[in-house]
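Visitor: As input, take final.txt (compact mmCIF, C-alpha atoms):
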# COMPACT_ATOMS: atom_id res chain seq x y z
CA MET A 21 0.00 0.00 0.00
CA VAL A 22 1.48 3.34 -1.05
CA ALA A 23 1.85 5.93 1.71
CA TRP A 24 -0.44 8.93 1.41
CA THR A 25 1.05 12.30 0.63
CA ILE A 26 0.99 14.71 3.55
CA PRO A 27 -1.45 17.13 1.86
CA ASP A 28 -3.83 14.25 1.15
CA LEU A 29 -3.46 12.95 4.67
CA VAL A 30 -4.27 16.36 6.15
CA ASP A 31 -7.30 16.70 3.85
CA TYR A 32 -8.41 13.23 4.82
CA TYR A 33 -8.23 14.03 8.51
CA GLU A 34 -10.21 17.21 7.95
CA ARG A 35 -12.92 15.30 6.15
CA ARG A 36 -13.13 12.76 8.95
CA VAL A 37 -13.51 15.53 11.55
CA GLU A 38 -16.19 17.12 9.38
CA GLY A 39 -17.91 13.75 9.10
CA LEU A 40 -17.96 13.39 12.85
CA GLU A 41 -19.46 16.87 13.16
CA ASP A 42 -22.14 16.24 10.55
CA LYS A 43 -25.36 15.04 12.15
CA ALA A 44 -26.68 14.06 8.75
CA TYR A 45 -23.87 11.53 8.66
CA SER A 46 -24.58 10.08 12.11
CA ASP A 47 -25.36 6.61 10.79
CA TYR A 48 -21.70 6.39 9.78
CA TRP A 49 -20.02 7.82 12.84
CA GLU A 50 -18.63 4.42 13.85
CA ASP A 51 -16.89 4.11 10.49
CA GLU A 52 -15.74 7.71 10.58
CA ALA A 53 -14.37 7.43 14.10
CA LEU A 54 -12.26 4.38 13.26
CA LEU A 55 -10.90 5.99 10.10
CA LEU A 56 -10.25 9.25 11.92
CA LEU A 57 -8.37 7.75 14.84
CA THR A 58 -6.12 5.63 12.65
CA ALA A 59 -5.43 8.57 10.31
CA ARG A 60 -4.49 10.71 13.30
CA ASP A 61 -2.01 8.00 14.26
CA GLU A 62 -0.35 8.30 10.90
CA ILE A 63 -0.17 12.08 11.17
CA HIS A 64 1.43 11.64 14.58
CA ASP A 65 4.04 9.27 13.15
CA ARG A 66 4.82 11.58 10.24
CA TRP A 67 4.65 14.87 12.15
CA HIS A 68 8.22 15.72 11.12
CA GLU A 69 7.07 15.76 7.49
CA LEU A 70 4.42 18.44 8.03
CA ASP A 71 5.21 22.07 7.32
CA PRO A 72 4.14 24.81 9.77
CA GLU A 73 0.93 25.55 7.93
CA GLN A 74 -0.06 21.90 7.88
CA ARG A 75 0.74 21.58 11.57
CA SER A 76 -1.47 24.59 12.30
CA ARG A 77 -4.31 23.00 10.37
CA ILE A 78 -3.95 19.78 12.31
CA LEU A 79 -3.90 21.58 15.64
CA ALA A 80 -7.08 23.44 14.70
CA LEU A 81 -8.70 20.18 13.63
CA ASP A 82 -7.58 18.56 16.86
CA GLU A 83 -9.41 21.26 18.79
CA ARG A 84 -12.56 20.50 16.83
CA LEU A 85 -12.06 16.80 17.51
CA VAL A 86 -11.67 17.34 21.24
CA LYS A 87 -15.05 19.09 21.27
CA LYS A 88 -16.53 15.85 19.97
CA TYR A 89 -15.06 13.70 22.71
CA ARG A 90 -18.48 12.39 23.70
CA ARG A 91 -19.04 11.26 20.15
CA ILE A 92 -15.71 9.43 20.09
CA ALA A 93 -16.58 7.83 23.42
CA ARG A 94 -19.94 6.68 22.09
CA TYR A 95 -19.02 5.63 18.58
CA GLY A 96 -15.28 5.16 18.50
CA PRO A 97 -13.48 1.87 19.15
CA VAL A 98 -12.50 3.01 22.62
CA PRO A 99 -11.28 2.17 25.12
CA ASN A 100 -8.91 0.20 22.97
CA PRO A 101 -6.49 -2.27 24.55
CA ASN A 102 -4.39 -2.19 21.41
CA VAL A 103 -3.33 1.39 22.16
CA THR A 104 -1.38 2.14 25.33
CA ASP A 105 0.63 5.21 24.26
CA ARG A 106 -1.01 8.20 26.00
CA ALA A 107 0.71 10.55 23.56
CA ARG A 108 -1.94 9.30 21.14
CA TRP A 109 -4.55 11.13 23.19
CA TRP A 110 -7.26 10.77 20.53
CA TRP A 111 -7.62 7.11 21.57
CA PHE A 112 -8.35 8.24 25.13
CA LEU A 113 -11.04 10.84 24.50
CA HIS A 114 -13.55 8.63 26.31
CA LYS A 115 -11.75 9.85 29.44
CA GLY A 116 -12.68 13.43 28.66
CA PRO A 117 -11.36 16.42 26.73
CA ARG A 118 -8.38 17.07 29.00
CA VAL A 119 -6.44 14.07 27.72
CA ARG A 120 -5.08 16.25 24.95
CA GLU A 121 -3.81 18.93 27.34
CA LYS A 122 -2.19 16.29 29.49
CA ALA A 123 -0.47 14.64 26.53
CA LEU A 124 0.80 17.99 25.24
CA ALA A 125 2.07 18.94 28.68
CA GLU A 126 3.84 15.60 28.98
CA ALA A 127 5.44 16.10 25.56
CA ARG A 128 6.66 19.56 26.60
CA ARG A 129 8.16 18.14 29.78
CA ALA A 130 9.93 15.39 27.85
CA SER A 131 11.43 17.73 25.25
CA MET B 1322 -29.04 8.49 17.15
CA ALA B 1323 -29.01 9.54 20.78
CA GLU B 1324 -25.70 10.71 22.05
CA HIS B 1325 -24.62 10.03 25.59
CA THR B 1326 -21.68 10.87 27.69
CA VAL B 1327 -19.77 7.67 28.07
CA HIS B 1328 -16.75 7.37 30.29
CA ARG B 1329 -15.72 3.80 29.91
CA SER B 1330 -13.03 2.54 32.19
CA LEU B 1331 -9.94 0.90 30.82
CA GLY B 1332 -11.09 -2.20 32.65
CA ALA B 1333 -13.97 -2.27 30.23
CA ALA B 1334 -11.60 -2.15 27.28
CA ALA B 1335 -11.42 -5.81 26.67
CA SER B 1336 -15.02 -6.42 27.51
CA TRP B 1337 -16.84 -4.52 24.79
CA GLN B 1338 -14.59 -5.99 22.14
CA SER B 1339 -14.64 -9.56 23.34
CA GLU B 1340 -18.33 -9.41 24.16
CA LEU B 1341 -19.37 -8.19 20.73
CA ARG B 1342 -17.00 -10.58 19.01
CA ALA B 1343 -18.37 -13.51 20.98
CA GLN B 1344 -21.90 -12.51 19.99
CA ARG B 1345 -20.91 -12.25 16.35
CA LEU B 1346 -19.12 -15.57 16.45
CA ALA B 1347 -22.18 -17.23 17.95
CA GLN B 1348 -24.30 -15.84 15.12
CA LEU B 1349 -21.87 -17.14 12.50
CA GLN B 1350 -21.91 -20.58 14.08
CA THR B 1351 -25.65 -20.84 13.45
CA ILE B 1352 -25.54 -20.19 9.72
CA THR B 1353 -24.70 -22.71 7.03
CA GLN B 1354 -22.05 -22.70 4.34
CA GLN B 1355 -24.82 -22.00 1.86
CA ASP B 1356 -25.95 -18.99 3.85
CA VAL B 1357 -22.43 -17.57 3.86
CA GLN B 1358 -22.03 -18.23 0.14
CA ALA B 1359 -25.37 -16.55 -0.59
CA LEU B 1360 -24.29 -13.55 1.42
CA VAL B 1361 -20.96 -13.33 -0.39
CA ASP B 1362 -22.76 -13.69 -3.73
CA GLU B 1363 -25.06 -10.85 -2.76
CA MET B 1364 -22.13 -8.66 -1.78
CA THR B 1365 -20.32 -9.49 -5.00
CA SER B 1366 -23.22 -8.94 -7.37
CA THR B 1367 -24.54 -5.69 -5.95
CA THR B 1368 -24.02 -2.78 -8.28
CA HIS B 1369 -25.63 0.00 -6.29
CA LEU B 1370 -24.25 1.94 -3.36
CA PRO B 1371 -27.20 3.42 -1.43
CA ARG B 1372 -26.96 7.09 -0.47
CA LEU B 1373 -24.44 7.54 -3.23
CA SER B 1374 -24.43 11.35 -3.14
CA MET B 1375 -23.87 11.46 0.59
CA HIS B 1376 -20.96 9.02 0.47
CA PHE B 1377 -19.46 10.63 -2.62
CA LYS B 1378 -19.45 13.99 -0.87
CA ARG B 1379 -17.67 12.51 2.12
CA HIS B 1380 -15.37 9.96 0.46
CA GLY B 1381 -15.14 10.58 -3.29
CA HIS B 1382 -12.12 12.81 -2.84
CA GLU B 1383 -9.99 10.09 -1.26
CA PHE B 1384 -10.48 7.92 -4.35
CA GLY B 1385 -9.71 10.77 -6.71
CA ALA B 1386 -13.20 10.31 -8.14
CA ALA B 1387 -14.42 13.45 -9.88
CA THR B 1388 -18.03 12.34 -10.22
CA GLU B 1389 -20.56 10.19 -8.40
CA GLY B 1390 -20.51 7.85 -11.39
CA ALA B 1391 -16.75 7.38 -11.16
CA TYR B 1392 -17.00 6.75 -7.43
CA GLN B 1393 -19.75 4.16 -7.91
CA GLN B 1394 -17.74 2.46 -10.65
CA LEU B 1395 -14.79 2.11 -8.28
CA PHE B 1396 -17.18 0.66 -5.71
CA ARG B 1397 -18.47 -1.92 -8.20
CA GLU B 1398 -14.96 -2.94 -9.20
CA HIS B 1399 -13.96 -3.22 -5.57
CA ALA B 1400 -16.92 -5.45 -4.69
CA ARG B 1401 -15.82 -7.94 -7.33
CA LEU B 1402 -12.19 -8.22 -6.33
CA SER B 1403 -11.19 -11.80 -5.57
CA SER B 1404 -8.46 -10.67 -3.19
CA LEU B 1405 -10.73 -9.01 -0.63
CA ARG B 1406 -10.34 -9.85 3.02
CA ARG B 1407 -13.69 -10.17 4.77
CA PHE B 1408 -14.13 -9.09 8.35
CA THR B 1409 -17.41 -9.08 10.20
CA PHE B 1410 -18.45 -7.52 13.48
CA LEU B 1411 -21.35 -5.99 15.34
CA MET B 1412 -21.80 -2.24 15.36
CA ARG B 1413 -21.76 -0.83 18.84
CA ALA B 1414 -24.64 1.58 18.36
CA ASP B 1415 -27.30 -0.88 17.26
CA ASN B 1416 -25.62 -4.31 17.04
CA ALA B 1417 -26.06 -4.34 13.27
CA ARG B 1418 -24.19 -7.18 11.58
CA MET B 1419 -21.50 -5.46 9.55
CA TRP B 1420 -18.91 -6.62 7.04
CA TYR B 1421 -15.80 -4.77 5.94
CA LEU B 1422 -14.51 -5.99 2.58
CA ILE B 1423 -10.94 -4.80 2.53
CA ASP B 1424 -8.52 -4.51 -0.36
CA GLU B 1425 -5.15 -4.34 1.32
CA ALA B 1426 -3.38 -3.10 -1.81
CA SER B 1427 -5.41 0.10 -2.16
CA GLY B 1428 -6.78 0.52 1.34
CA SER B 1429 -10.30 0.58 -0.07
CA ILE B 1430 -13.06 -0.76 2.13
CA ALA B 1431 -16.66 -1.51 1.21
CA ALA B 1432 -18.89 -1.74 4.26
CA TYR B 1433 -21.93 -4.00 4.00
CA ASN B 1434 -24.74 -3.94 6.52
CA GLU B 1435 -26.06 -7.50 6.66
CA SER B 1436 -28.85 -6.52 9.03
CA ARG B 1437 -30.21 -4.06 6.50
CA LYS B 1438 -29.26 -6.24 3.53
CA ARG B 1439 -27.47 -3.46 1.72
CA TYR B 1440 -24.12 -1.86 1.23
CA TRP B 1441 -23.44 0.71 3.85
CA SER B 1442 -20.51 2.82 2.68
CA PHE B 1443 -17.35 2.85 0.61
CA PHE B 1444 -14.19 4.54 1.82
CA ARG B 1445 -10.43 4.28 2.09
CA ALA B 1446 -8.25 3.77 5.11
CA THR B 1447 -4.91 5.54 5.22
CA ASP B 1448 -3.20 2.49 6.68
CA VAL B 1449 -4.94 -0.88 6.59
CA PRO B 1450 -2.41 -2.83 8.70
CA ARG B 1451 -2.71 -0.20 11.42
CA LEU B 1452 -6.51 -0.19 11.24
CA LEU B 1453 -6.58 -3.97 11.50
CA GLY B 1454 -4.16 -3.84 14.39
CA ARG B 1455 -6.43 -1.45 16.24
CA MET B 1456 -9.36 -3.80 15.80
CA ARG B 1457 -7.56 -6.91 17.06
CA GLY B 1458 -9.85 -8.71 19.44
CA ALA B 1459 -13.03 -7.13 18.10
CA TRP B 1460 -13.63 -8.68 14.70
CA VAL B 1461 -14.02 -12.06 13.04
CA GLU B 1462 -12.40 -12.80 9.69
CA VAL B 1463 -14.27 -15.02 7.26
CA VAL B 1464 -11.99 -16.93 4.91
CA LEU B 1465 -12.66 -19.26 2.01
CA THR B 1466 -10.63 -22.45 2.37
CA GLU B 1467 -10.63 -25.70 0.41
CA ALA B 1468 -13.03 -27.01 3.02
CA GLY B 1469 -15.38 -24.06 2.59
CA TRP B 1470 -16.02 -20.84 4.50
CA ARG B 1471 -14.31 -20.64 7.85
CA HIS B 1472 -14.42 -17.94 10.48
CA GLN B 1473 -11.48 -17.13 12.66
CA LEU B 1474 -11.06 -14.73 15.51
CA TRP B 1475 -9.17 -11.62 14.59
How does the structure come out when it is put into structure tokens?

Guide:
Amino acid sequence: MVAWTIPDLVDYYERRVEGLEDKAYSDYWEDEALLLLTARDEIHDRWHELDPEQRSRILALDERLVKKYRRIARYGPVPNPNVTDRARWWWFLHKGPRVREKALAEARRAS
Amino acid sequence: MAEHTVHRSLGAAASWQSELRAQRLAQLQTITQQDVQALVDEMTSTTHLPRLSMHFKRHGHEFGAATEGAYQQLFREHARLSSLRRFTFLMRADNARMWYLIDEASGSIAAYNESRKRYWSFFRATDVPRLLGRMRGAWVEVVLTEAGWRHQLW
């Protein structure tokens, strides 16, 4: 499978966030949540490839995602025993919106 | 669909996955080889993706499809691929019997809702191995062997 380009990956993540926000698409939120969470993993792994503008877009999308934490908790494949890395906070949104802040704070401490 | 605040504990992590997978496995154990074949035939022969406009708007871009027709054509071609891996599971919201027909080469996935007897959606994953890894313990894979259709825990 060929790796996605970064611009396509960022667009893809944006569309998944939009899908999760779209009540008309609620029948498909379980699909969208799974696709979204795994795409966010890939963005995390390839963060060094993103330029500043792309990083800003992702951070803005992350904020929109955090606002939908209840939706992830209800429809996402969480909690997920296959994910233990708390830096991937999107897999822990069932614990509430502050998981992102905590992960970012931990990353700042570690750097 | 009603939306609720759900704070599931990590202790519940294994339970929702194993519980739903056990339910799905029990369902599969009650159906015959002929039933499975009929279902696969239905999934293979279908030419229509319901709610095409809605899915095209949301997913057409990731296939590079410029029109709804092009998107539907890609869906039809996908449904007929002999190399598809077939995973089945229960949706958490309503326990619908779902199938994901996955083409590992392209990352394309056709979702079929067995409970509603129709295709559900057509989309691409950015990373199929990762997606499958995340769903370890939750799904059942249905595989055609020389002895017929077999289901195995994923």

Visitor: Residues within 9 Å of Thr1409 (chain B), please, as a list of chain:residue names. Count all atoms listed in the file; anything in the same chain fewer than 6 positions from it doesn't count.

Guide: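 Within the cut-off, the hits are B:Arg1342, B:Arg1345, B:Arg1418, B:Met1419, B:Trp1420, B:Tyr1421, B:Leu1422, B:Trp1460, B:Val1461, B:Glu1462, B:Val1463.
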
Visitor: Next, the residues of the selection above should be written as a JSON list (two decimals), in the coordinates of the input with C-alpha atoms.

Guide:
[["chain", "number", "residue", "atom", "x", "y", "z"],
["B", 1342, "ARG", "CA", -17.00, -10.58, 19.01],
["B", 1345, "ARG", "CA", -20.91, -12.25, 16.35],
["B", 1418, "ARG", "CA", -24.19, -7.18, 11.58],
["B", 1419, "MET", "CA", -21.50, -5.46, 9.55],
["B", 1420, "TRP", "CA", -18.91, -6.62, 7.04],
["B", 1421, "TYR", "CA", -15.80, -4.77, 5.94],
["B", 1422, "LEU", "CA", -14.51, -5.99, 2.58],
["B", 1460, "TRP", "CA", -13.63, -8.68, 14.70],
["B", 1461, "VAL", "CA", -14.02, -12.06, 13.04],
["B", 1462, "GLU", "CA", -12.40, -12.80, 9.69],
["B", 1463, "VAL", "CA", -14.27, -15.02, 7.26]]

Visitor: Please return, as a count of residues only, all residues of chain A lying within 8 Å of chain B when all atoms listed in the file are considered.

Guide: 32

Visitor: Between CA of Gln1393 (chain B) and CA of Leu57 (chain A), what distance in Å does the model show, to one decimal?

Guide: 25.7 Å

Visitor: Applying 9 Å and only C-alpha atoms, which residues near Leu81 (chain A) remain after dropping the ones on its own chain fewer than 4 positions away? List them as a ChimeraX atom specification.

Guide: /A:33-34,37,76-77,85-86

Visitor: Applying 9 Å and all atoms listed in the file, which residues near Trp109 (chain A) remain after dropping the ones on its own chain fewer than 5 positions away? List them as a CSV table (one decimal) with C-alpha atoms, in the coordinates of the input.

Guide:
chain,number,residue,atom,x,y,z
A,119,VAL,CA,-6.4,14.1,27.7
A,120,ARG,CA,-5.1,16.2,25.0
A,121,GLU,CA,-3.8,18.9,27.3
A,122,LYS,CA,-2.2,16.3,29.5
A,123,ALA,CA,-0.5,14.6,26.5
A,124,LEU,CA,0.8,18.0,25.2

Visitor: Can you measure CA of Ala127 (chain A) to CA of Leu40 (chain A) for me? One decimal in Å is fine.

Guide: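 So the two atoms, CA of Ala127 (chain A) and CA of Leu40 (chain A), lie 26.8 Å apart.
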
Visitor: For CA of Leu1360 (chain B) and CA of Ser1404 (chain B), determine how far apart the two atoms are, in Å to one decimal place.

Guide: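 Taking CA of Leu1360 (chain B) as the start and CA of Ser1404 (chain B) as the end point, the length is 16.7 Å.
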
Visitor: Using all atoms listed in the file, which residues sit within 10 Å of Phe1396 (chain B) once same-chain residues fewer than 2 positions away are excluded, as a PyMOL selection string?

Guide: chain B and resi 1367-1370+1384+1390-1394+1398-1401+1429-1431+1442-1444

Visitor: As a PyMOL selection string, please: the residues near Trp67 (chain A) (cut-off 10 Å, all atoms listed in the file, same-chain neighbours under 6 positions excluded).

Guide: chain A and resi 26+61+74-75+78

Visitor: As AutoDock Vina command-line options, please: the centre and edge lengths in Å, to one decimal, of an axis-aligned box enclosing every listed atom of region 1449-1465 of chain B with 8 Å added on each side.

Guide:
--center_x -8.3 --center_y -9.7 --center_z 10.7 --size_x 27.9 --size_y 35.1 --size_z 33.4

Visitor: From the list B:Leu1411, B:Leu1395, B:Ile1423, B:Ala1386, which residue is nearest Leu1349 (chain B) when using only C-alpha atoms?

Guide: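 Of all the options, B:Leu1411 lies closest to Leu1349 (chain B).
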
Visitor: Considering only C-alpha atoms, can you say which of B:Thr1353, B:Thr1388, B:Thr1365, B:Asn1434 comes closest to Arg1471 (chain B)?

Guide: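 Distance minimum relative to Arg1471 (chain B) lands on B:Thr1353.
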